[in-house]
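Here's protein.txt, which has compact mmCIF, C-alpha atoms:
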```
# COMPACT_ATOMS: atom_id res chain seq x y z
CA MET S 703 -9.34 -12.18 7.38
CA ALA S 704 -11.31 -14.59 5.22
CA ALA S 705 -11.04 -15.33 1.52
CA PRO S 706 -13.56 -13.54 -0.72
CA SER S 707 -16.67 -15.26 -2.08
CA ALA S 708 -16.56 -17.26 -5.30
CA ARG S 709 -17.47 -14.02 -7.11
CA GLY S 710 -14.54 -12.23 -5.48
CA ARG S 711 -16.68 -10.23 -3.04
CA PHE S 712 -15.94 -9.04 0.48
CA GLY S 713 -19.49 -8.43 1.62
CA ASP S 714 -20.92 -5.95 -0.89
CA TYR S 715 -17.52 -4.97 -2.27
CA GLY S 716 -14.94 -6.29 -4.71
CA GLY S 717 -15.90 -8.35 -7.74
CA ARG S 718 -14.66 -8.13 -11.29
CA PHE S 719 -15.97 -5.12 -13.26
CA VAL S 720 -13.74 -5.24 -16.32
CA PRO S 721 -14.20 -5.18 -20.11
CA GLU S 722 -15.00 -8.54 -21.71
CA SER S 723 -11.48 -8.60 -23.12
CA LEU S 724 -10.01 -8.77 -19.58
CA VAL S 725 -12.36 -11.31 -18.01
CA ALA S 726 -10.37 -14.30 -19.28
CA ALA S 727 -7.06 -12.69 -18.23
CA CYS S 728 -8.31 -12.11 -14.67
CA ALA S 729 -9.67 -15.66 -14.50
CA GLU S 730 -6.30 -17.00 -15.64
CA VAL S 731 -4.50 -15.01 -12.91
CA GLU S 732 -6.95 -16.33 -10.31
CA ALA S 733 -6.46 -19.95 -11.38
CA ALA S 734 -2.68 -19.54 -11.41
CA PHE S 735 -2.67 -17.92 -7.96
CA ARG S 736 -4.87 -20.63 -6.41
CA ASP S 737 -2.60 -23.31 -7.87
CA ALA S 738 0.61 -21.56 -6.78
CA TRP S 739 -0.61 -20.69 -3.28
CA ALA S 740 -1.44 -24.36 -2.69
CA ASP S 741 1.98 -25.47 -3.96
CA PRO S 742 4.55 -25.91 -1.13
CA ALA S 743 7.41 -25.39 -3.60
CA PHE S 744 6.08 -21.95 -4.58
CA ARG S 745 5.65 -20.97 -0.93
CA ARG S 746 9.18 -22.18 -0.08
CA GLN S 747 10.69 -20.20 -2.94
CA LEU S 748 8.85 -17.05 -1.84
CA ASP S 749 9.91 -17.55 1.79
CA GLN S 750 13.52 -18.00 0.68
CA LEU S 751 13.41 -14.77 -1.35
CA ARG S 752 11.89 -12.92 1.60
CA ALA S 753 14.69 -14.06 3.88
CA GLU S 754 17.70 -13.84 1.55
CA TYR S 755 16.71 -10.99 -0.81
CA VAL S 756 14.22 -8.78 1.06
CA GLY S 757 15.82 -9.12 4.49
CA ARG S 758 12.80 -10.44 6.39
CA PRO S 759 11.74 -10.50 9.08
CA THR S 760 11.86 -6.73 9.29
CA ALA S 761 12.51 -5.28 12.73
CA LEU S 762 9.95 -4.33 15.36
CA THR S 763 11.44 -1.17 16.83
CA PRO S 764 10.20 0.25 20.15
CA ALA S 765 9.84 4.03 19.85
CA TRP S 766 11.15 4.62 23.37
CA ASN S 767 11.38 8.41 23.33
CA LEU S 768 8.02 9.07 21.66
CA SER S 769 6.38 6.48 23.91
CA ALA S 770 7.60 8.33 26.99
CA GLU S 771 6.38 11.66 25.63
CA LEU S 772 2.92 10.33 24.71
CA GLY S 773 2.30 7.99 27.66
CA ILE S 774 1.76 4.95 25.47
CA THR S 775 3.86 2.03 24.23
CA LEU S 776 4.56 2.60 20.54
CA LEU S 777 6.07 -0.22 18.46
CA LEU S 778 7.12 0.41 14.86
CA LYS S 779 6.96 -2.39 12.26
CA ARG S 780 9.84 -1.41 10.00
CA GLU S 781 8.85 -2.11 6.39
CA ASP S 782 11.13 0.84 5.54
CA LEU S 783 14.01 -1.57 6.19
CA ALA S 784 12.91 -4.05 3.50
CA HIS S 785 14.91 -4.17 0.24
CA THR S 786 13.88 -1.28 -2.06
CA GLY S 787 12.71 0.67 1.00
CA SER S 788 9.07 -0.23 1.39
CA HIS S 789 6.53 -3.01 1.91
CA LYS S 790 5.82 -3.09 -1.84
CA ILE S 791 8.54 -5.68 -2.47
CA ASN S 792 6.58 -8.33 -0.48
CA ASN S 793 3.73 -8.31 -2.97
CA VAL S 794 5.78 -7.77 -6.10
CA LEU S 795 8.05 -10.77 -5.55
CA GLY S 796 4.97 -12.98 -5.17
CA GLN S 797 3.38 -11.64 -8.33
CA ALA S 798 6.62 -11.78 -10.31
CA LEU S 799 7.06 -15.43 -9.34
CA LEU S 800 3.48 -16.01 -10.45
CA ALA S 801 4.07 -14.22 -13.77
CA ARG S 802 7.09 -16.41 -14.49
CA ARG S 803 5.09 -19.52 -13.55
CA MET S 804 2.41 -18.39 -16.06
CA GLY S 805 5.04 -18.02 -18.79
CA ARG S 806 4.79 -14.23 -19.02
CA THR S 807 7.90 -12.33 -20.10
CA ARG S 808 6.92 -8.80 -19.20
CA LEU S 809 5.57 -6.96 -16.14
CA ILE S 810 3.23 -3.97 -16.36
CA ALA S 811 2.69 -1.77 -13.32
CA GLU S 812 1.23 1.53 -12.18
CA THR S 813 2.78 3.64 -9.45
CA GLY S 814 2.07 6.79 -7.47
CA ALA S 815 4.83 7.36 -4.93
CA GLY S 816 7.16 5.29 -7.09
CA GLN S 817 7.82 2.61 -4.46
CA HIS S 818 5.70 0.00 -6.27
CA GLY S 819 7.37 0.94 -9.53
CA VAL S 820 10.82 0.52 -8.00
CA ALA S 821 9.84 -2.83 -6.48
CA THR S 822 8.44 -4.05 -9.81
CA ALA S 823 11.51 -2.92 -11.73
CA THR S 824 13.67 -4.69 -9.14
CA ALA S 825 11.76 -7.98 -9.43
CA ALA S 826 11.81 -7.77 -13.23
CA ALA S 827 15.58 -7.35 -13.19
CA LEU S 828 15.97 -10.27 -10.79
CA PHE S 829 13.83 -12.63 -12.89
CA GLY S 830 14.96 -11.44 -16.34
CA LEU S 831 11.60 -9.92 -17.29
CA SER S 832 11.04 -6.66 -19.14
CA CYS S 833 9.12 -3.97 -17.26
CA THR S 834 6.87 -1.05 -18.13
CA VAL S 835 5.67 1.34 -15.43
CA PHE S 836 2.89 3.90 -15.92
CA MET S 837 3.16 7.01 -13.74
CA GLY S 838 1.20 10.25 -13.63
CA GLU S 839 3.12 13.26 -14.89
CA ARG S 840 2.57 15.12 -11.59
CA ASP S 841 3.94 12.16 -9.63
CA LEU S 842 6.92 11.95 -12.01
CA GLU S 843 7.83 15.48 -10.96
CA ARG S 844 7.43 15.01 -7.21
CA GLN S 845 9.03 11.55 -7.12
CA ALA S 846 11.91 12.14 -9.51
CA LEU S 847 14.36 10.08 -7.46
CA ASN S 848 12.23 6.95 -7.75
CA VAL S 849 11.77 7.54 -11.49
CA PHE S 850 15.55 7.56 -11.86
CA ARG S 851 15.81 4.39 -9.76
CA MET S 852 13.30 2.60 -12.00
CA ARG S 853 15.20 3.59 -15.13
CA MET S 854 18.51 2.51 -13.59
CA LEU S 855 16.94 -0.91 -12.97
CA GLY S 856 16.05 -1.15 -16.66
CA ALA S 857 12.34 -0.27 -16.57
CA GLU S 858 10.54 1.84 -19.14
CA VAL S 859 8.62 4.62 -17.34
CA ILE S 860 5.70 6.02 -19.33
CA PRO S 861 4.33 9.44 -18.26
CA VAL S 862 0.52 9.68 -18.06
CA THR S 863 -0.73 13.14 -18.92
CA SER S 864 -4.49 12.65 -18.65
CA GLY S 865 -6.79 13.69 -15.80
CA SER S 866 -5.14 14.70 -12.55
CA ARG S 867 -1.83 13.12 -13.74
CA THR S 868 -1.61 11.01 -10.58
CA LEU S 869 -2.08 7.38 -9.48
CA LYS S 870 -5.73 7.12 -10.61
CA ASP S 871 -4.83 8.02 -14.18
CA ALA S 872 -1.70 5.83 -14.19
CA THR S 873 -3.86 2.86 -13.13
CA SER S 874 -6.41 3.55 -15.86
CA GLU S 875 -3.67 3.71 -18.48
CA ALA S 876 -1.98 0.52 -17.26
CA MET S 877 -5.29 -1.38 -17.45
CA ARG S 878 -5.96 -0.07 -20.97
CA HIS S 879 -2.49 -1.18 -22.04
CA TRP S 880 -2.94 -4.65 -20.52
CA VAL S 881 -6.02 -5.30 -22.70
CA GLY S 882 -3.85 -5.67 -25.81
CA VAL S 883 -0.97 -7.71 -24.36
CA THR S 884 -2.49 -10.25 -21.96
CA ASP S 885 -0.83 -13.19 -23.74
CA THR S 886 2.69 -12.00 -22.98
CA ALA S 887 2.43 -9.48 -20.14
CA TYR S 888 1.37 -9.75 -16.51
CA TYR S 889 -0.27 -6.77 -14.80
CA CYS S 890 1.39 -6.43 -11.39
CA ILE S 891 -1.07 -4.34 -9.34
CA GLY S 892 0.49 -2.58 -6.37
CA SER S 893 -2.29 -2.51 -3.81
CA VAL S 894 -5.38 -4.35 -2.57
CA MET S 895 -7.50 -2.95 -5.39
CA GLY S 896 -8.44 -3.85 -8.95
CA PRO S 897 -10.57 -6.76 -10.17
CA HIS S 898 -10.70 -10.12 -8.40
CA PRO S 899 -8.36 -11.84 -7.53
CA TYR S 900 -5.98 -8.87 -7.02
CA PRO S 901 -7.34 -7.48 -3.68
CA TRP S 902 -7.26 -10.96 -2.13
CA MET S 903 -3.95 -12.00 -3.72
CA VAL S 904 -2.12 -8.81 -2.74
CA ARG S 905 -3.41 -9.08 0.86
CA GLU S 906 -2.14 -12.66 1.04
CA PHE S 907 1.30 -11.61 -0.23
CA GLN S 908 1.35 -8.74 2.30
CA ARG S 909 0.06 -10.65 5.32
CA VAL S 910 3.68 -11.50 6.12
CA ILE S 911 3.79 -8.04 7.77
CA GLY S 912 1.02 -8.86 10.25
CA ASP S 913 2.11 -12.45 10.84
CA GLU S 914 5.66 -11.37 11.68
CA ALA S 915 4.46 -8.48 13.86
CA ARG S 916 2.16 -10.74 15.86
CA SER S 917 5.02 -13.08 16.73
CA GLN S 918 7.28 -10.13 17.56
CA CYS S 919 4.61 -8.44 19.73
CA ALA S 920 4.10 -11.68 21.65
CA ARG S 921 7.75 -11.51 22.69
CA VAL S 922 7.71 -7.92 23.94
CA LEU S 923 4.18 -7.19 25.21
CA ALA S 924 2.82 -8.63 28.45
CA ALA S 925 -0.59 -9.07 26.82
CA ALA S 926 1.06 -10.51 23.68
CA VAL S 927 -1.29 -8.48 21.43
CA PRO S 928 -1.28 -4.66 21.10
CA THR S 929 -4.43 -2.73 21.92
CA HIS S 930 -4.25 -0.89 18.58
CA VAL S 931 -2.87 -1.77 15.12
CA ILE S 932 -2.45 1.34 12.95
CA ALA S 933 -1.37 1.88 9.34
CA CYS S 934 -1.82 4.47 6.61
CA VAL S 935 -4.31 3.72 3.83
CA GLY S 936 -4.39 4.73 0.19
CA GLY S 937 -5.43 1.60 -1.69
CA GLY S 938 -4.53 -0.07 1.59
CA SER S 939 -1.99 -2.86 0.99
CA ASN S 940 0.26 -2.31 4.01
CA ALA S 941 -2.79 -1.85 6.25
CA ALA S 942 -4.39 -5.04 4.88
CA GLY S 943 -1.18 -6.96 5.49
CA SER S 944 -0.84 -5.56 9.01
CA PHE S 945 -4.50 -6.14 9.90
CA ALA S 946 -4.39 -9.73 8.60
CA GLY S 947 -2.14 -10.75 11.47
CA PHE S 948 -4.50 -9.37 14.12
CA ALA S 949 -8.01 -9.68 12.69
CA ASP S 950 -8.82 -12.58 15.06
CA THR S 951 -7.58 -10.73 18.17
CA SER S 952 -8.98 -7.99 20.41
CA ALA S 953 -6.74 -5.33 18.81
CA GLU S 954 -8.54 -2.30 17.39
CA LEU S 955 -7.63 -1.93 13.71
CA ILE S 956 -7.25 1.67 12.53
CA GLY S 957 -6.55 2.83 8.97
CA VAL S 958 -5.41 6.43 8.48
CA GLU S 959 -6.41 8.13 5.22
CA ALA S 960 -5.34 11.46 3.76
CA ALA S 961 -8.08 14.02 4.42
CA GLY S 962 -8.12 14.93 0.72
CA GLY S 963 -8.39 11.28 -0.34
CA ALA S 964 -10.60 9.84 2.39
CA ALA S 965 -12.64 7.32 0.43
CA MET S 966 -13.99 5.73 3.62
CA GLY S 967 -14.78 9.03 5.25
CA ASP S 968 -16.16 10.97 2.27
CA GLY S 969 -16.77 8.37 -0.44
CA ARG S 970 -19.86 6.54 -1.63
CA ASP S 971 -20.35 3.07 -3.09
CA GLY S 972 -19.14 2.95 -6.66
CA VAL S 973 -16.97 1.16 -9.23
CA LEU S 974 -13.39 2.14 -10.02
CA HIS S 975 -10.62 0.27 -11.81
CA GLY S 976 -12.52 -3.00 -12.00
CA TYR S 977 -13.81 -3.30 -8.41
CA ARG S 978 -16.69 -2.02 -6.28
CA SER S 979 -15.81 -0.13 -3.14
CA ARG S 980 -16.05 3.26 -1.46
CA VAL S 981 -15.07 5.93 -3.99
CA LEU S 982 -14.88 9.74 -3.97
CA GLN S 983 -17.63 11.00 -6.31
CA ASP S 984 -19.34 14.26 -7.14
CA GLU S 985 -23.12 14.70 -7.02
CA ASP S 986 -23.42 13.31 -10.56
CA GLY S 987 -21.50 10.14 -9.66
CA GLN S 988 -18.34 11.18 -11.50
CA ILE S 989 -15.01 10.27 -9.86
CA ARG S 990 -13.78 13.18 -7.77
CA GLU S 991 -10.06 14.02 -7.74
CA ALA S 992 -8.21 13.13 -4.55
CA HIS S 993 -5.44 15.20 -3.03
CA SER S 994 -2.64 14.32 -0.66
CA ILE S 995 0.84 15.59 0.01
CA ALA S 996 1.80 11.89 -0.19
CA ALA S 997 1.65 10.61 -3.76
CA GLY S 998 0.87 7.08 -2.56
CA LEU S 999 -2.33 8.24 -0.83
CA ASP S 1000 -3.47 10.48 -3.68
CA TYR S 1001 -6.14 8.02 -4.84
CA PRO S 1002 -9.97 8.38 -4.82
CA GLY S 1003 -10.79 4.78 -3.83
CA ILE S 1004 -9.94 2.22 -1.16
CA GLY S 1005 -9.49 -1.54 -1.36
CA PRO S 1006 -12.80 -3.45 -1.17
CA GLU S 1007 -11.86 -5.49 1.89
CA HIS S 1008 -11.25 -2.27 3.81
CA ALA S 1009 -14.73 -1.05 2.85
CA HIS S 1010 -16.13 -4.34 4.17
CA LEU S 1011 -14.11 -4.20 7.40
CA GLY S 1012 -15.43 -0.68 7.94
CA ASP S 1013 -19.02 -1.73 7.29
CA ILE S 1014 -18.93 -4.60 9.79
CA GLY S 1015 -17.12 -2.50 12.39
CA ARG S 1016 -13.97 -4.61 12.51
CA ALA S 1017 -11.77 -1.71 11.44
CA ARG S 1018 -12.06 2.04 11.89
CA TYR S 1019 -10.89 4.62 9.36
CA VAL S 1020 -9.79 8.13 10.29
CA SER S 1021 -8.04 10.91 8.39
CA VAL S 1022 -5.37 13.55 8.90
CA THR S 1023 -4.59 16.70 6.94
CA ASP S 1024 -1.47 17.61 4.98
CA GLU S 1025 -0.72 20.22 7.64
CA GLU S 1026 -0.42 17.52 10.32
CA VAL S 1027 1.85 15.25 8.30
CA ILE S 1028 5.16 17.11 8.02
CA PRO S 1029 5.28 18.02 11.75
CA ALA S 1030 4.61 14.35 12.53
CA LEU S 1031 7.37 13.19 10.19
CA THR S 1032 9.75 15.72 11.75
CA ARG S 1033 8.87 14.73 15.31
CA LEU S 1034 9.46 11.04 14.60
CA ALA S 1035 12.78 11.88 12.96
CA ARG S 1036 13.97 14.02 15.87
CA THR S 1037 12.82 11.72 18.67
CA GLU S 1038 13.65 8.33 17.17
CA GLY S 1039 16.12 9.04 14.34
CA ILE S 1040 13.80 7.53 11.73
CA LEU S 1041 12.86 9.42 8.53
CA CYS S 1042 9.72 7.72 7.30
CA ALA S 1043 7.77 8.24 4.08
CA LEU S 1044 5.06 10.90 3.91
CA GLU S 1045 2.52 8.09 3.55
CA SER S 1046 3.59 6.49 6.84
CA ALA S 1047 3.70 9.90 8.53
CA HIS S 1048 -0.10 10.02 8.23
CA ALA S 1049 -0.35 7.16 10.73
CA VAL S 1050 2.19 8.85 12.99
CA ALA S 1051 0.20 12.11 12.82
CA TRP S 1052 -2.98 10.40 13.99
CA VAL S 1053 -1.18 8.81 16.94
CA LEU S 1054 0.24 12.21 17.96
CA ARG S 1055 -3.25 13.73 17.79
CA ALA S 1056 -5.08 10.89 19.55
CA ALA S 1057 -2.63 9.93 22.30
CA GLY S 1058 -4.00 10.74 25.74
CA THR S 1059 -7.57 11.12 24.45
CA PRO S 1060 -10.38 8.53 24.69
CA GLU S 1061 -9.45 7.45 21.15
CA LEU S 1062 -5.99 6.36 22.29
CA PRO S 1063 -5.90 6.34 26.10
CA ALA S 1064 -2.77 6.44 28.23
CA ALA S 1065 -1.03 3.06 28.54
CA SER S 1066 -2.29 1.89 25.14
CA THR S 1067 0.03 -0.49 23.33
CA VAL S 1068 0.26 0.53 19.68
CA LEU S 1069 1.67 -1.29 16.67
CA LEU S 1070 2.24 1.17 13.82
CA THR S 1071 3.49 0.01 10.43
CA LEU S 1072 6.04 2.27 8.77
CA SER S 1073 5.30 1.35 5.16
CA GLY S 1074 8.38 2.99 3.64
CA ARG S 1075 11.39 5.19 4.11
CA GLY S 1076 11.42 8.90 3.41
CA ASP S 1077 14.35 9.26 1.02
CA LYS S 1078 11.99 9.74 -1.93
CA ASP S 1079 10.28 12.65 -0.17
CA MET S 1080 13.38 14.69 0.68
CA PRO S 1081 13.12 17.01 -2.40
CA ALA S 1082 9.48 17.79 -1.49
CA LEU S 1083 10.42 18.42 2.13
CA MET S 1084 13.31 20.67 1.10
CA GLN S 1085 10.92 22.67 -1.07
CA HIS S 1086 8.41 22.87 1.80
CA HIS S 1087 11.05 24.17 4.20
CA GLU S 1088 12.29 26.72 1.66
CA GLN S 1089 8.73 28.00 1.21
CA GLN S 1090 8.21 28.14 4.97
CA GLY S 1091 11.48 30.06 5.32
CA GLU S 1092 10.38 32.56 2.69
CA ARG S 1093 7.07 33.11 4.49
CA SER S 1094 8.74 33.66 7.85
CA SER S 1095 11.53 35.93 6.53
```
Would you give me this structure, written as structure tokens?
Amino acid sequence: MAAPSARGRFGDYGGRFVPESLVAACAEVEAAFRDAWADPAFRRQLDQLRAEYVGRPTALTPAWNLSAELGITLLLKREDLAHTGSHKINNVLGQALLARRMGRTRLIAETGAGQHGVATATAAALFGLSCTVFMGERDLERQALNVFRMRMLGAEVIPVTSGSRTLKDATSEAMRHWVGVTDTAYYCIGSVMGPHPYPWMVREFQRVIGDEARSQCARVLAAAVPTHVIACVGGGSNAAGSFAGFADTSAELIGVEAAGGAAMGDGRDGVLHGYRSRVLQDEDGQIREAHSIAAGLDYPGIGPEHAHLGDIGRARYVSVTDEEVIPALTRLARTEGILCALESAHAVAWVLRAAGTPELPAASTVLLTLSGRGDKDMPALMQHHEQQGERSS
């Protein structure tokens, strides 16, 4: 996937739609990233951290049992095995190194499912930086384990009580806070969204997923490249990283959204959190609330590069409902012994639905990225099972 234009655009999307007070801060981040990304010493330090701290490369696990049941070859890229339990650490370590290079002493972050917050708190602890994480009050309740993890790592977690009390509102609050502290704090955005250069920079930090998977697929697939590359999409960072390794191949790229937060499927062109993309809106152009059982997909927009890839037909975006997600998570757990995050279970659910149909014919070879592990979702799943038990009793 190519770099954005000089104005930070992927086709018609992206850009930098921020208050005047943040224009200079974004430009400073862009200049620092371009300088760092061209510096072999920075790249070596990041590679060393990935190997010795994150545990990369993460495994490529054949899902033997599910493959036999579905009549396809299903390969799982295991970002759930990375340190802190998700792909978020790949991006955060890059941005934390950049923040330290820029002389910043504090990280600011937003989080929905809590995985980005945990990764940011972890990097801050490692580099001796202070850390403030904004999190919607509703997400605080459903991701209590990750809130506790952040606090154990020394981060301050600030509840956001406005709006839907989810990721959208946490992001708005984090950006408002950054306006007043740009000289000392670095805003560590967790996905391929936000003003330029964040969508591009985060994709570059996450492309390690796709680059590793391509090398691993070449060792196990006769054709070297899978027929399909599939990942869940909220903002879309793990999908962007996965797609980046295969964009120049024949593989079909498929992003799976939550049906209640399907910005590609139901959204229109609009501006949100400093970038132009596909956004859920009502008939008056106001941002419409998203809904997903997975806090990380409960977001009304999608990264601008995904909107561009959809427009030019290089990637396809589909959606699954909450009702499909828990059975998919359970089936993966009971066939392969892997408890994935609810976010990742969206991609699994689409594969279960599509396998054996023209969308995913028999004998397809599928690379599916598991973006994170499901530990954080166990309280929600326990509650779901208790409710189901009450209904059936």
message: Could you list, as an NGL selection string, every residue within 9 Å of Leu800 (chain S), counting all atoms listed in the file and ignoring same-chain residues fewer than 3 positions away?
response: :S and (731 or 734-735 or 738 or 744 or 795-797 or 803-806 or 888)
task: Kindly provide, as a PyMOL selection string, the polymer residues lying within 9 Å of (13.4, 11.7, -3.4), counting all atoms listed in the file and using the coordinates exactly as they appear in the file.
output: chain S and resi 844-848+1076-1082
message: Just want the 10 Å neighbourhood of Tyr755 (chain S), counted on all atoms listed in the file, with same-chain residues fewer than 2 positions away dropped. Output as a ChimeraX atom specification.
response: /S:748-753,757-758,784-785,791,795
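Among the candidates S:Ala770, S:Leu777, S:Met837, S:Met903, the one nearest to Arg916 (chain S) when counting only C-alpha atoms is S:Leu777.
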- prompt: Which residue, S:Gly1039, S:Pro1029, S:Pro764, S:Pro1006, has the smallest gap to Pro897 (chain S) when you use only C-alpha atoms?
  reply: S:Pro1006
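Comparing S:Glu906, S:Asp986, S:Glu781, S:Asp841 by their smallest distance to Arg736 (chain S), the closest is S:Glu906 (using all atoms listed in the file).
Every protein or nucleic acid residue with an atom no more than 9 Å from Ser866 (chain S), counting only C-alpha atoms and leaving out same-chain residues fewer than 6 positions away, appears here: S:Gly838, S:Glu839, S:Arg840, S:Glu991, S:Ala992.
For the pair CA of Ile995 (chain S) and CA of Met966 (chain S), the separation is 18.2 Å.
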- prompt: Neighbours of Thr813 (chain S) within 9 Å (only C-alpha atoms; same-chain residues fewer than 3 positions away dropped), as a PyMOL selection string?
  reply: chain S and resi 816-820+835-838+841+868-869+872-873+891-892+998
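Candidate residues S:Gly865, S:Gly943, S:Ala1064, S:Thr822 were compared for distance to Arg853 (chain S), and the nearest is S:Thr822, using all atoms listed in the file.
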- prompt: Which polymer residues have any atom within 8 Å of an atom of region 925-935 of chain S, counting all atoms listed in the file, with same-chain residues fewer than 3 positions away left out, as a ChimeraX atom specification?
  reply: /S:916,919-922,938-941,944-945,948,951-960,999,1004,1045-1049,1066-1073
Could the residues in this selection be written to a file with C-alpha atoms, as a compact mmCIF listing (two decimals), keeping the file's coordinate frame?
```
# COMPACT_ATOMS: atom_id res chain seq x y z
CA ARG S 916 2.16 -10.74 15.86
CA CYS S 919 4.61 -8.44 19.73
CA ALA S 920 4.10 -11.68 21.65
CA ARG S 921 7.75 -11.51 22.69
CA VAL S 922 7.71 -7.92 23.94
CA GLY S 938 -4.53 -0.07 1.59
CA SER S 939 -1.99 -2.86 0.99
CA ASN S 940 0.26 -2.31 4.01
CA ALA S 941 -2.79 -1.85 6.25
CA SER S 944 -0.84 -5.56 9.01
CA PHE S 945 -4.50 -6.14 9.90
CA PHE S 948 -4.50 -9.37 14.12
CA THR S 951 -7.58 -10.73 18.17
CA SER S 952 -8.98 -7.99 20.41
CA ALA S 953 -6.74 -5.33 18.81
CA GLU S 954 -8.54 -2.30 17.39
CA LEU S 955 -7.63 -1.93 13.71
CA ILE S 956 -7.25 1.67 12.53
CA GLY S 957 -6.55 2.83 8.97
CA VAL S 958 -5.41 6.43 8.48
CA GLU S 959 -6.41 8.13 5.22
CA ALA S 960 -5.34 11.46 3.76
CA LEU S 999 -2.33 8.24 -0.83
CA ILE S 1004 -9.94 2.22 -1.16
CA GLU S 1045 2.52 8.09 3.55
CA SER S 1046 3.59 6.49 6.84
CA ALA S 1047 3.70 9.90 8.53
CA HIS S 1048 -0.10 10.02 8.23
CA ALA S 1049 -0.35 7.16 10.73
CA SER S 1066 -2.29 1.89 25.14
CA THR S 1067 0.03 -0.49 23.33
CA VAL S 1068 0.26 0.53 19.68
CA LEU S 1069 1.67 -1.29 16.67
CA LEU S 1070 2.24 1.17 13.82
CA THR S 1071 3.49 0.01 10.43
CA LEU S 1072 6.04 2.27 8.77
CA SER S 1073 5.30 1.35 5.16
```
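Remark: for Trp1052 (chain S), the closest of the candidate residues S:Met703, S:Met1084, S:Tyr1019, S:Arg802 is S:Tyr1019 (distances computed over all atoms listed in the file).
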